[in-house]
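Asks: What follows is a single structure, and I will ask about it in a moment.
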Amino acid sequence: MPKDAIHAPETLLDIRNLSVDFRTPRGRVKALRDITFPIRKNRIVGIVGESGSGKSTVLWALLGLLAKNAEVTSGEVRFGDRDLLHASEAQLRATRGEEVSVVFQDPMTSQIPVLTYGRQMRDILYRRPNLSTAEKRRMAVEMLGKVGIPDPDKRIDQYPHHFSGGMRQRAGIAMALLTGPQLLLADEPTTALDVTMEAQIIHLLQDLQKELDATVVVVSHNLGLIAELCDDVVVMYAGEVIEAGEVREIFHNAQHPYTRALLECDPARIDDVSRKLPVIPGDIPDLTKPLSGCIYAPRCQRAMPVCREKLPPDVARGEMSLARCHLLDGPHHDPSWPPPPDVMTVGVGETSASKPARAVSDTPLLDVSDLNVQFETVGPLRARLRGLETRHVDAVLDVSLSVAPGETVGLVGESGSGKTTLGRCVLNLVPGQGGSVKFEGQDILNMPEARFKPLRRDMAMMFQDPVGSLSPRKSVRALITEPFQIHGITDVDLDAEAERLAEMVRLPGPFLSRYPHELSGGQARRVGVARALALNPKLIIADEPTAGLDVSVQGEILNLMADLQAEHGLGYLIITHNLPVVRHIADRLAIMYLGRIVEEGRTAEVFARPVHPYTQALVEGVPQPDPDRRRAHVSISGEVPSLLNRPKGCDFAGRCPFAQDHCRAEKPPHVTMVDGRRHACHFPLT
Amino acid sequence: MLYYLAKRLGLSAVVVCLVVLVLFSLLYLIPGDPATIALGPRATEEAIARYAEKMHLDEPVWRQFLIYIGNALTGDLGLDVFSDRPVTAIIMERIGFTLALVFAGMGWAMLIGIPLGCLAAVKPNSWLDRVTGVLSVGTIAVPSFLVSIWALLIFAVHLRWLPAIGAGEPGDFSDQLSHLVLPAFAIGLSWVGYLARMVRASMLEVMGENYIRSARAFGLHPRRVIFGYALRVAILPTITLIGMGFGGMISSTVFAEIIFARPGIGKLIFDAVMARNFPIVQGAVLVATGLYILVVLFSDILIAWFDPRVRESL
Ligand SMILES: Nc1ncnc2c1ncn2[C@@H]1O[C@H](COP(=O)(O)OP(=O)(O)OP(=O)(O)O)[C@@H](O)[C@H]1O
Ligand code: SF4
Ligand code: SF4
Ligand SMILES: [Mg+2]
């Protein structure tokens, strides 16, 4: 419910005409240009936009903590009677952490590893000399309890590495709220977390904001999160605010063509499970070049000649609602814009024919049955000393899975569920302990590398971190032809192959001579696809193929993968925790929890009717990009247990809302249902 | 932690044994009769016989080795060839001078080098950073014996500010201190450079970490951010470097003690080598090695104390 139904909320912080440049060797990056928007009191304001749109720069500018090469060229940030942009360092220091505080994106790296939480929190309270150390500690314990840390009295003396990712982010929120700030800034607060954790953190932020009457600014590129959490939304593109408004105005009646496109590209919004995802063609403009006219014109479906010359007007709708586009006002006003929400305004990429019904063959390409992978945790001597019975953890436990030619299987699970280990074992990169892995009928588990090597041509891996997994000193040309060299294939024309592969993944020719750091995330991902395809494999194992990509680029990569599959009959095993994405590309889904597959079946059925309570929690856990479909409660609480103390009965029993005594006593076996679905639950949902 | 300590001490014992082995084989690798080598060409028949008996030269080599180790464990490092005094006593008389020198040398280097590196990293490309850069390259490049000679010539001979030779009157603390200044300056100087460089590099890295930005965003005072947060992490690799640096430091004391005529272990080893006084060389090298191992162990424990992640992995 909007809180301002009766009287308009006052403005807590007002950003006016903020412009920031970064001095770089390539020239001045005009990262923010003339940003103006208010942050209204007691609201949750979302800033959304693609990577590089300047979201983080706005936040850091508010705190006066921009990088050293940044220069604020104009503007003011009014906070009460002060201007934060022109405040002295001492004044800023008194504001930071006291009146304005921050929750950081990556709780793994943003908390100092060598100090306990108690120490870190006491440091934050250093401006309260009249509080004794014991009182500060009590405050900290109380706040840790409030954000849902169990046993805060004990946990406060622990170090960050003793906390799991979700716990760390809770602690991060506790640190930020310790001083009772008026304004809380959160930069991608859940991006580093798993789906179920994300849902918990969203609700925690929401509850705390209500309870403490704080104002919150959340930066995110996740539209679902913004819709779920925010009251007001600011949409940024390439350093400009192109639209702002209340959350329903933005999600239900977006005015700017970019906002429309962004919403249409979100796979979570697309119910029609066709294989093609809509994309925004083109890239974000180079901000070192002189800019004129509408910043979005090069990618806009509706661009007119005037758009390239004249800066569009800011067309206001309400108190804080505005959109910057020629279509909305002035001589080029188009009364029929925007079209109703169900009309698509962006195409599905430049790609060709939609996918033919695929001939999914019956003989599996890959057939994994009862596979186990164990890792040694302690040396033999230590195990003796500590009296441990077992020195192993089961990273993969009794997993059965098959992939047919031309089929896409999604392997879904939270971090630590053993997805990647399974993929690596299939590729013979880690040894398995029991079970079998068959590739085209041939048993390949623990095959000696010499015999396995020829098979590597048929099975390729696409790695999770595209730029990190590409050697920085090699050109794109060298990178995509590297597989030929690795396999000692000399009877091909490498240059011709490089061009063929680049064309296949639609990477323009000039890119062949670039180096990885000169590529955008999507381009680097394409290089990864080209490398995987170089030797005409039959099976591709893709580890988080779209992690870290913006929605529009994500669509491009997924469409590309679908096209290649249709053309070459590839089998895909896609490892991911992104449910909206697999929903569009996978024929079948396997849900993994703590190394076991807990449910497996056809994607549409799994989504429509989850059988396992964990699957249900995951499906419900995806925040919907629709402010009218906010969830009232979090479906599951708690965290994934550690492999080191795997529960005796059902692995999920500790978090399952339906758990019974039987669940805690006995591990549920895998059961195949009449329709071919398989699950491992004593009390399946029906 | 106990497991770790036991492992480390076991390893240290192996290293000490290896050192003794090397010292022993040296004696046998040099052509000629060990007794003659040890006692020098001018030794009398009688002395050689006495020596052979005392060193169990008639026993097989491996037994001699074991006997030596066994004795060393009980604190008996044999007898000085010339004076017949126990080697252990001779070393004990002098070790204090060397320890004082090494700790004073490393101490002042740490006191100056670490803050210098820190400040240089906090303001990269400032004049302080540039000066530190030039100074550290300069001090690292100059060998410590040259520094010793120059320091002696300038401050003791020319300016007459400080005494030139000796270790000062026994019992007179301030006199001993004034005799310590120049040699400690000489052996510590290049370490100022090393430490400043090392600390600067790791500080620069740590200052770019997310948790430093967090500390700033919580409004902590810059002093607290730099010394309480960044330095606490950045110091870790430096502690290892300092621990290992003690080895090099002990060898630089040889020059400094000769040049300043200080009666320390370095000078003892030098004199003993010149006089082919083998029991002393063996004993002194063994003690120096033991000291070195202790310091390295101590530095590792210090790191564990600073870093909970290391502590728990032990
Ligand atoms: N220190 C810097 N030096 C040079 N350019 C920078 C610097 N920091 C940011 N930029 C540039 O400023 C622009 C805005 O960056 P910013 O980090 O604010 O984007 P963002 O919206 O937060 O993106 P993301 O979603 O990837 O976090 C980008 O073009 C980026 O390359
Ligand atoms: S001003 Fe023109 S180019 Fe820009 S968004 Fe509007 S229609 Fe598109
Ligand atoms: S077996 Fe029991 S605890 Fe496990 S998922 Fe099923 S109902 Fe929940
Ligand atoms: Mg950002």
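All residue names refer to the structure tokens as shown: chains lettered A, B, ... in order, residues numbered from 1 in each chain, ligands numbered from 1 in order.
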Near chain B, meaning an atom within 6 Å, which residues of chain A appear when counting only C-alpha atoms? Write them as a PyMOL selection string.

Replies: chain A and resi 93+96-97+109-112+114

Asks: Give the residue list for ligand 4 at 10 Å, counting only C-alpha atoms and all ligand atoms, as a PyMOL selection string, sorted by chain and then by residue number.

Replies: chain A and resi 49-60+105+187-188+219-221

Asks: For the selection you just gave me, I'd like the residues written to a file as a compact mmCIF listing (two decimals), in the first residue's frame, keeping all heavy atoms.

Replies:
# COMPACT_ATOMS: atom_id res chain seq x y z
N GLY A 49 18.86 -0.63 -13.80
CA GLY A 49 19.49 -0.32 -15.08
C GLY A 49 20.51 -1.39 -15.39
O GLY A 49 20.91 -2.14 -14.51
N GLU A 50 20.95 -1.41 -16.67
CA GLU A 50 21.91 -2.42 -17.04
C GLU A 50 23.29 -2.09 -16.47
O GLU A 50 23.54 -0.99 -16.00
CB GLU A 50 22.00 -2.51 -18.57
CG GLU A 50 20.77 -3.13 -19.19
CD GLU A 50 20.88 -3.15 -20.70
OE1 GLU A 50 20.63 -2.12 -21.32
OE2 GLU A 50 21.22 -4.20 -21.24
N SER A 51 24.18 -3.06 -16.58
CA SER A 51 25.54 -2.87 -16.11
C SER A 51 26.16 -1.65 -16.79
O SER A 51 26.00 -1.45 -17.99
CB SER A 51 26.33 -4.12 -16.45
OG SER A 51 27.63 -3.96 -16.04
N GLY A 52 26.84 -0.82 -16.04
CA GLY A 52 27.49 0.35 -16.61
C GLY A 52 26.57 1.54 -16.75
O GLY A 52 26.95 2.57 -17.28
N SER A 53 25.33 1.45 -16.25
CA SER A 53 24.43 2.57 -16.41
C SER A 53 24.68 3.66 -15.36
O SER A 53 24.10 4.73 -15.45
CB SER A 53 22.98 2.09 -16.35
OG SER A 53 22.74 1.42 -15.14
N GLY A 54 25.52 3.37 -14.36
CA GLY A 54 25.88 4.40 -13.40
C GLY A 54 25.18 4.30 -12.07
O GLY A 54 25.24 5.21 -11.25
N LYS A 55 24.53 3.17 -11.82
CA LYS A 55 23.78 3.01 -10.58
C LYS A 55 24.70 3.14 -9.36
O LYS A 55 24.43 3.90 -8.43
CB LYS A 55 23.12 1.62 -10.55
CG LYS A 55 22.30 1.31 -11.78
CD LYS A 55 21.65 -0.06 -11.68
CE LYS A 55 22.60 -1.24 -11.66
NZ LYS A 55 23.28 -1.52 -12.93
N SER A 56 25.81 2.38 -9.39
CA SER A 56 26.71 2.42 -8.24
C SER A 56 27.35 3.78 -8.11
O SER A 56 27.57 4.27 -6.99
CB SER A 56 27.81 1.37 -8.38
OG SER A 56 27.26 0.11 -8.56
N THR A 57 27.66 4.41 -9.24
CA THR A 57 28.29 5.72 -9.17
C THR A 57 27.41 6.71 -8.42
O THR A 57 27.90 7.53 -7.65
CB THR A 57 28.59 6.22 -10.60
OG1 THR A 57 29.31 5.19 -11.29
CG2 THR A 57 29.42 7.48 -10.57
N VAL A 58 26.09 6.64 -8.62
CA VAL A 58 25.19 7.52 -7.88
C VAL A 58 25.34 7.29 -6.38
O VAL A 58 25.52 8.23 -5.61
CB VAL A 58 23.72 7.28 -8.30
CG1 VAL A 58 22.78 8.05 -7.40
CG2 VAL A 58 23.51 7.70 -9.75
N LEU A 59 25.33 6.02 -5.99
CA LEU A 59 25.42 5.73 -4.55
C LEU A 59 26.72 6.25 -3.95
O LEU A 59 26.72 6.89 -2.90
CB LEU A 59 25.37 4.22 -4.31
CG LEU A 59 24.04 3.52 -4.42
CD1 LEU A 59 24.10 2.20 -3.69
CD2 LEU A 59 22.94 4.37 -3.84
N TRP A 60 27.81 5.98 -4.64
CA TRP A 60 29.10 6.40 -4.08
C TRP A 60 29.24 7.91 -4.07
O TRP A 60 29.90 8.47 -3.20
CB TRP A 60 30.26 5.73 -4.81
CG TRP A 60 30.24 4.24 -4.59
CD1 TRP A 60 30.06 3.28 -5.54
CD2 TRP A 60 30.35 3.55 -3.34
NE1 TRP A 60 30.05 2.04 -4.96
CE2 TRP A 60 30.22 2.17 -3.62
CE3 TRP A 60 30.53 3.96 -2.02
CZ2 TRP A 60 30.27 1.20 -2.62
CZ3 TRP A 60 30.58 2.99 -1.02
CH2 TRP A 60 30.46 1.63 -1.32
N GLN A 105 27.21 -5.16 -1.84
CA GLN A 105 26.82 -6.21 -2.77
C GLN A 105 27.34 -7.57 -2.33
O GLN A 105 26.60 -8.53 -2.26
CB GLN A 105 27.36 -5.88 -4.16
CG GLN A 105 27.32 -7.06 -5.10
CD GLN A 105 27.50 -6.66 -6.53
OE1 GLN A 105 27.78 -5.51 -6.84
NE2 GLN A 105 27.35 -7.59 -7.42
N ASP A 187 23.56 -1.68 -2.35
CA ASP A 187 24.02 -1.89 -3.72
C ASP A 187 23.96 -3.38 -4.03
O ASP A 187 24.74 -4.16 -3.53
CB ASP A 187 25.46 -1.37 -3.86
CG ASP A 187 25.90 -1.31 -5.32
OD1 ASP A 187 25.08 -1.63 -6.19
OD2 ASP A 187 27.05 -0.93 -5.58
N GLU A 188 23.03 -3.77 -4.86
CA GLU A 188 22.85 -5.17 -5.24
C GLU A 188 22.94 -6.09 -4.01
O GLU A 188 23.79 -6.97 -3.95
CB GLU A 188 23.96 -5.59 -6.23
CG GLU A 188 24.11 -4.66 -7.41
CD GLU A 188 23.35 -5.16 -8.64
OE1 GLU A 188 22.58 -6.13 -8.50
OE2 GLU A 188 23.51 -4.55 -9.71
N VAL A 219 19.84 -0.62 -5.16
CA VAL A 219 20.32 -0.65 -6.53
C VAL A 219 20.28 -2.10 -6.99
O VAL A 219 20.73 -2.98 -6.27
CB VAL A 219 21.76 -0.13 -6.60
CG1 VAL A 219 22.43 -0.55 -7.88
CG2 VAL A 219 21.77 1.38 -6.47
N SER A 220 19.71 -2.34 -8.16
CA SER A 220 19.69 -3.72 -8.63
C SER A 220 19.44 -3.77 -10.12
O SER A 220 18.86 -2.85 -10.69
CB SER A 220 18.59 -4.50 -7.92
OG SER A 220 18.57 -5.83 -8.37
N HIS A 221 19.89 -4.86 -10.75
CA HIS A 221 19.48 -5.04 -12.13
C HIS A 221 18.41 -6.13 -12.20
O HIS A 221 17.99 -6.52 -13.26
CB HIS A 221 20.67 -5.37 -13.03
CG HIS A 221 21.33 -6.66 -12.68
ND1 HIS A 221 22.44 -6.72 -11.89
CD2 HIS A 221 21.01 -7.91 -12.99
CE1 HIS A 221 22.77 -7.98 -11.73
NE2 HIS A 221 21.92 -8.73 -12.39

Asks: For ligand 1, which residue out of B:Gly208, B:Ala256, B:Glu46, B:Leu26 is the nearest one, using only C-alpha atoms and all ligand atoms?

Replies: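 Smallest separation from ligand 1 among the options: B:Gly208.
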
Asks: Using only C-alpha atoms and all ligand atoms, find each residue with an atom at most 10 Å away from ligand 3 and format the answer as a PyMOL selection string.

Replies: chain A and resi 598+611-615+649-669+679-685

Asks: Give me a file of those residues, with N, CA, C and O atoms, as a CSV table (one decimal), in the first residue's frame.

Replies:
chain,number,residue,atom,x,y,z
A,598,VAL,N,16.6,-34.2,-6.1
A,598,VAL,CA,15.4,-34.4,-5.3
A,598,VAL,C,14.2,-34.5,-6.2
A,598,VAL,O,13.2,-34.9,-5.8
A,611,VAL,N,6.7,-31.4,-7.1
A,611,VAL,CA,6.3,-32.5,-6.2
A,611,VAL,C,7.1,-32.5,-4.9
A,611,VAL,O,6.6,-32.8,-3.9
A,612,HIS,N,8.3,-32.0,-5.0
A,612,HIS,CA,9.2,-31.9,-3.8
A,612,HIS,C,9.0,-30.6,-3.2
A,612,HIS,O,9.0,-29.5,-3.9
A,613,PRO,N,9.0,-30.5,-1.9
A,613,PRO,CA,8.8,-29.2,-1.2
A,613,PRO,C,9.9,-28.2,-1.5
A,613,PRO,O,9.7,-27.0,-1.6
A,614,TYR,N,11.1,-28.8,-1.8
A,614,TYR,CA,12.2,-27.8,-2.1
A,614,TYR,C,12.0,-27.2,-3.4
A,614,TYR,O,12.2,-26.0,-3.6
A,615,THR,N,11.6,-28.0,-4.4
A,615,THR,CA,11.3,-27.4,-5.7
A,615,THR,C,10.2,-26.4,-5.6
A,615,THR,O,10.3,-25.3,-6.2
A,649,GLY,N,18.3,-38.2,8.0
A,649,GLY,CA,17.2,-38.6,7.1
A,649,GLY,C,17.2,-37.7,5.9
A,649,GLY,O,18.2,-37.6,5.2
A,650,CYS,N,16.0,-37.1,5.6
A,650,CYS,CA,15.9,-36.3,4.4
A,650,CYS,C,16.8,-35.1,4.6
A,650,CYS,O,16.8,-34.4,5.6
A,651,ASP,N,17.6,-34.8,3.5
A,651,ASP,CA,18.6,-33.7,3.6
A,651,ASP,C,17.8,-32.3,3.8
A,651,ASP,O,18.4,-31.4,4.4
A,652,PHE,N,16.6,-32.3,3.4
A,652,PHE,CA,15.9,-31.0,3.4
A,652,PHE,C,15.0,-30.9,4.7
A,652,PHE,O,14.4,-29.9,4.9
A,653,ALA,N,15.1,-31.9,5.5
A,653,ALA,CA,14.1,-32.0,6.7
A,653,ALA,C,14.2,-30.7,7.6
A,653,ALA,O,13.2,-30.2,8.0
A,654,GLY,N,15.4,-30.2,7.8
A,654,GLY,CA,15.6,-29.1,8.7
A,654,GLY,C,14.9,-27.8,8.2
A,654,GLY,O,14.6,-26.9,9.0
A,655,ARG,N,14.5,-27.7,6.9
A,655,ARG,CA,13.9,-26.5,6.4
A,655,ARG,C,12.5,-26.8,5.8
A,655,ARG,O,11.8,-25.8,5.4
A,656,CYS,N,12.2,-28.0,5.8
A,656,CYS,CA,10.9,-28.4,5.1
A,656,CYS,C,9.7,-28.1,6.0
A,656,CYS,O,9.6,-28.6,7.1
A,657,PRO,N,8.7,-27.4,5.4
A,657,PRO,CA,7.5,-27.1,6.2
A,657,PRO,C,6.7,-28.3,6.5
A,657,PRO,O,5.8,-28.3,7.3
A,658,PHE,N,6.9,-29.4,5.7
A,658,PHE,CA,6.1,-30.6,5.8
A,658,PHE,C,6.8,-31.7,6.6
A,658,PHE,O,6.3,-32.9,6.6
A,659,ALA,N,8.0,-31.4,7.1
A,659,ALA,CA,8.8,-32.5,7.7
A,659,ALA,C,8.1,-33.2,8.8
A,659,ALA,O,7.4,-32.6,9.6
A,660,GLN,N,8.2,-34.5,8.9
A,660,GLN,CA,7.7,-35.3,10.0
A,660,GLN,C,8.8,-36.2,10.6
A,660,GLN,O,9.9,-36.2,10.0
A,661,ASP,N,8.5,-36.9,11.6
A,661,ASP,CA,9.5,-37.7,12.3
A,661,ASP,C,10.2,-38.7,11.3
A,661,ASP,O,11.4,-38.9,11.3
A,662,HIS,N,9.3,-39.3,10.5
A,662,HIS,CA,9.8,-40.2,9.5
A,662,HIS,C,10.9,-39.6,8.6
A,662,HIS,O,11.9,-40.3,8.3
A,663,CYS,N,10.7,-38.4,8.2
A,663,CYS,CA,11.7,-37.7,7.4
A,663,CYS,C,13.0,-37.6,8.0
A,663,CYS,O,14.1,-37.7,7.4
A,664,ARG,N,13.0,-37.3,9.3
A,664,ARG,CA,14.3,-37.1,10.0
A,664,ARG,C,15.0,-38.4,10.3
A,664,ARG,O,16.2,-38.4,10.6
A,665,ALA,N,14.3,-39.5,10.2
A,665,ALA,CA,14.9,-40.8,10.5
A,665,ALA,C,15.4,-41.5,9.3
A,665,ALA,O,16.4,-42.2,9.3
A,666,GLU,N,14.8,-41.3,8.2
A,666,GLU,CA,15.1,-42.1,7.0
A,666,GLU,C,15.2,-41.3,5.8
A,666,GLU,O,14.4,-40.4,5.5
A,667,LYS,N,16.3,-41.6,5.0
A,667,LYS,CA,16.5,-40.8,3.7
A,667,LYS,C,15.4,-41.3,2.7
A,667,LYS,O,15.3,-42.5,2.5
A,668,PRO,N,14.7,-40.3,2.1
A,668,PRO,CA,13.7,-40.8,1.2
A,668,PRO,C,14.4,-41.4,-0.1
A,668,PRO,O,15.3,-40.8,-0.6
A,669,PRO,N,13.9,-42.5,-0.6
A,669,PRO,CA,14.5,-43.1,-1.8
A,669,PRO,C,14.0,-42.4,-3.0
A,669,PRO,O,13.0,-41.6,-2.9
A,679,HIS,N,11.3,-38.3,-7.9
A,679,HIS,CA,11.5,-37.5,-6.8
A,679,HIS,C,12.0,-38.2,-5.6
A,679,HIS,O,12.0,-39.5,-5.6
A,680,ALA,N,12.5,-37.5,-4.6
A,680,ALA,CA,13.0,-38.2,-3.4
A,680,ALA,C,12.3,-37.5,-2.2
A,680,ALA,O,12.9,-36.5,-1.7
A,681,CYS,N,11.1,-37.9,-1.9
A,681,CYS,CA,10.4,-37.3,-0.8
A,681,CYS,C,9.4,-38.3,-0.2
A,681,CYS,O,8.8,-39.0,-1.0
A,682,HIS,N,9.4,-38.4,1.1
A,682,HIS,CA,8.4,-39.3,1.7
A,682,HIS,C,7.0,-38.9,1.5
A,682,HIS,O,6.1,-39.7,1.4
A,683,PHE,N,6.8,-37.6,1.5
A,683,PHE,CA,5.4,-37.1,1.4
A,683,PHE,C,5.3,-36.1,0.2
A,683,PHE,O,5.2,-34.9,0.5
A,684,PRO,N,5.4,-36.6,-1.0
A,684,PRO,CA,5.3,-35.7,-2.1
A,684,PRO,C,4.1,-34.8,-2.2
A,684,PRO,O,3.0,-35.3,-1.7
A,685,LEU,N,4.2,-33.6,-2.7
A,685,LEU,CA,3.0,-32.7,-2.8
A,685,LEU,C,2.2,-33.2,-4.0
A,685,LEU,O,2.8,-33.6,-5.0

Asks: Can you measure atom CA of A:Cys294 to atom CA of A:Pro313 for me? One decimal in Å is fine.

Replies: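 For atom CA of A:Cys294 relative to atom CA of A:Pro313, the distance reads 9.5 Å.
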
Asks: Just the residues within 12 Å of A:Pro339, please, counting only C-alpha atoms, with nothing from its chain fewer than 5 positions along; format it as a list in words.

Replies: His252, Asn253, Ala254, Gln255, His256, Pro257, Arg260, Leu327, Asp334, Met344, Thr345 and Val346 of chain A

Asks: Which residues sit within 8 Å of ligand 2, counting only C-alpha atoms and all ligand atoms, listed as a list in words?

Replies: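 Based on only C-alpha atoms and all ligand atoms, ligand 2 is surrounded within 8 Å by His256, Pro257, Tyr258, Gly293, Cys294, Ile295, Tyr296, Ala297, Pro298, Arg299, Cys300, Gln301, Arg302, Ala303, Met304, Val306, Cys307, Arg308, Leu311, Pro312, Arg324, Cys325, His326, Leu327 and Leu328 of chain A.
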
Asks: For B:Val87, list every protein, DNA or RNA residue within 6 Å, evaluated using only C-alpha atoms, and leave out those in the same chain fewer than 3 positions away; present the list as a ChimeraX atom specification.

Replies: /B:77-80,90,280

Asks: Keeping only N, CA and C atoms, take the residues you just selected and write them out as a JSON list (two decimals), in the first residue's frame.

Replies:
[["chain", "number", "residue", "atom", "x", "y", "z"],
["B", 77, "LEU", "N", 78.74, -28.56, 23.01],
["B", 77, "LEU", "CA", 79.11, -28.40, 21.61],
["B", 77, "LEU", "C", 80.60, -28.66, 21.41],
["B", 78, "GLY", "N", 81.23, -29.31, 22.34],
["B", 78, "GLY", "CA", 82.65, -29.62, 22.20],
["B", 78, "GLY", "C", 83.51, -28.54, 22.83],
["B", 79, "LEU", "N", 84.84, -28.66, 22.62],
["B", 79, "LEU", "CA", 85.78, -27.72, 23.25],
["B", 79, "LEU", "C", 86.50, -26.90, 22.20],
["B", 80, "ASP", "N", 86.79, -25.68, 22.58],
["B", 80, "ASP", "CA", 87.58, -24.83, 21.71],
["B", 80, "ASP", "C", 88.97, -25.46, 21.54],
["B", 90, "ILE", "N", 81.64, -20.16, 25.29],
["B", 90, "ILE", "CA", 82.16, -19.07, 24.45],
["B", 90, "ILE", "C", 81.02, -18.42, 23.68],
["B", 280, "ILE", "N", 84.35, -24.44, 17.05],
["B", 280, "ILE", "CA", 83.66, -23.17, 17.23],
["B", 280, "ILE", "C", 82.77, -22.87, 16.03]]

Asks: As number ranges by chain, please: the residues near B:Gly96 (cut-off 12 Å, only C-alpha atoms, same-chain neighbours under 2 positions excluded).

Replies: B: 90-94, 98-104, 167, 170, 176, 180, 262-266

Asks: Taking only C-alpha atoms and all ligand atoms into account, name the residue in A:Ser436, A:Ser520, A:Gln374, A:Thr215 that is nearest to ligand 1.

Replies: A:Ser520

Asks: Choose the residue, out of A:Gly410, A:Pro189, A:Pro340, A:Pro113, that has the smallest atom-to-atom separation from ligand 1; count only C-alpha atoms and all ligand atoms.

Replies: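 Selected residue with least distance to ligand 1: A:Pro189.
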
Asks: Extract the full set of strand (DSSP E) residues from stretch 585-647 of chain A according to DSSP on the backbone, and format it as a list of chain:residue names.

Replies: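 DSSP on the backbone gives strand (DSSP E) at A:Arg588, A:Leu589, A:Ala590, A:Ile591, A:Met592, A:Tyr593, A:Arg596, A:Ile597, A:Val598, A:Glu599, A:Glu600, A:Gly601, A:Arg602.
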
Asks: Provide the atom CA of A:Gly423 to atom CA of A:Tyr515 distance in Å, to one decimal place.

Replies: 28.0 Å

Asks: Just the residues within 6 Å of stretch 187-194 of chain B, please, counting only C-alpha atoms, with nothing from its chain fewer than 4 positions along; format it as a count of residues only.

Replies: 8
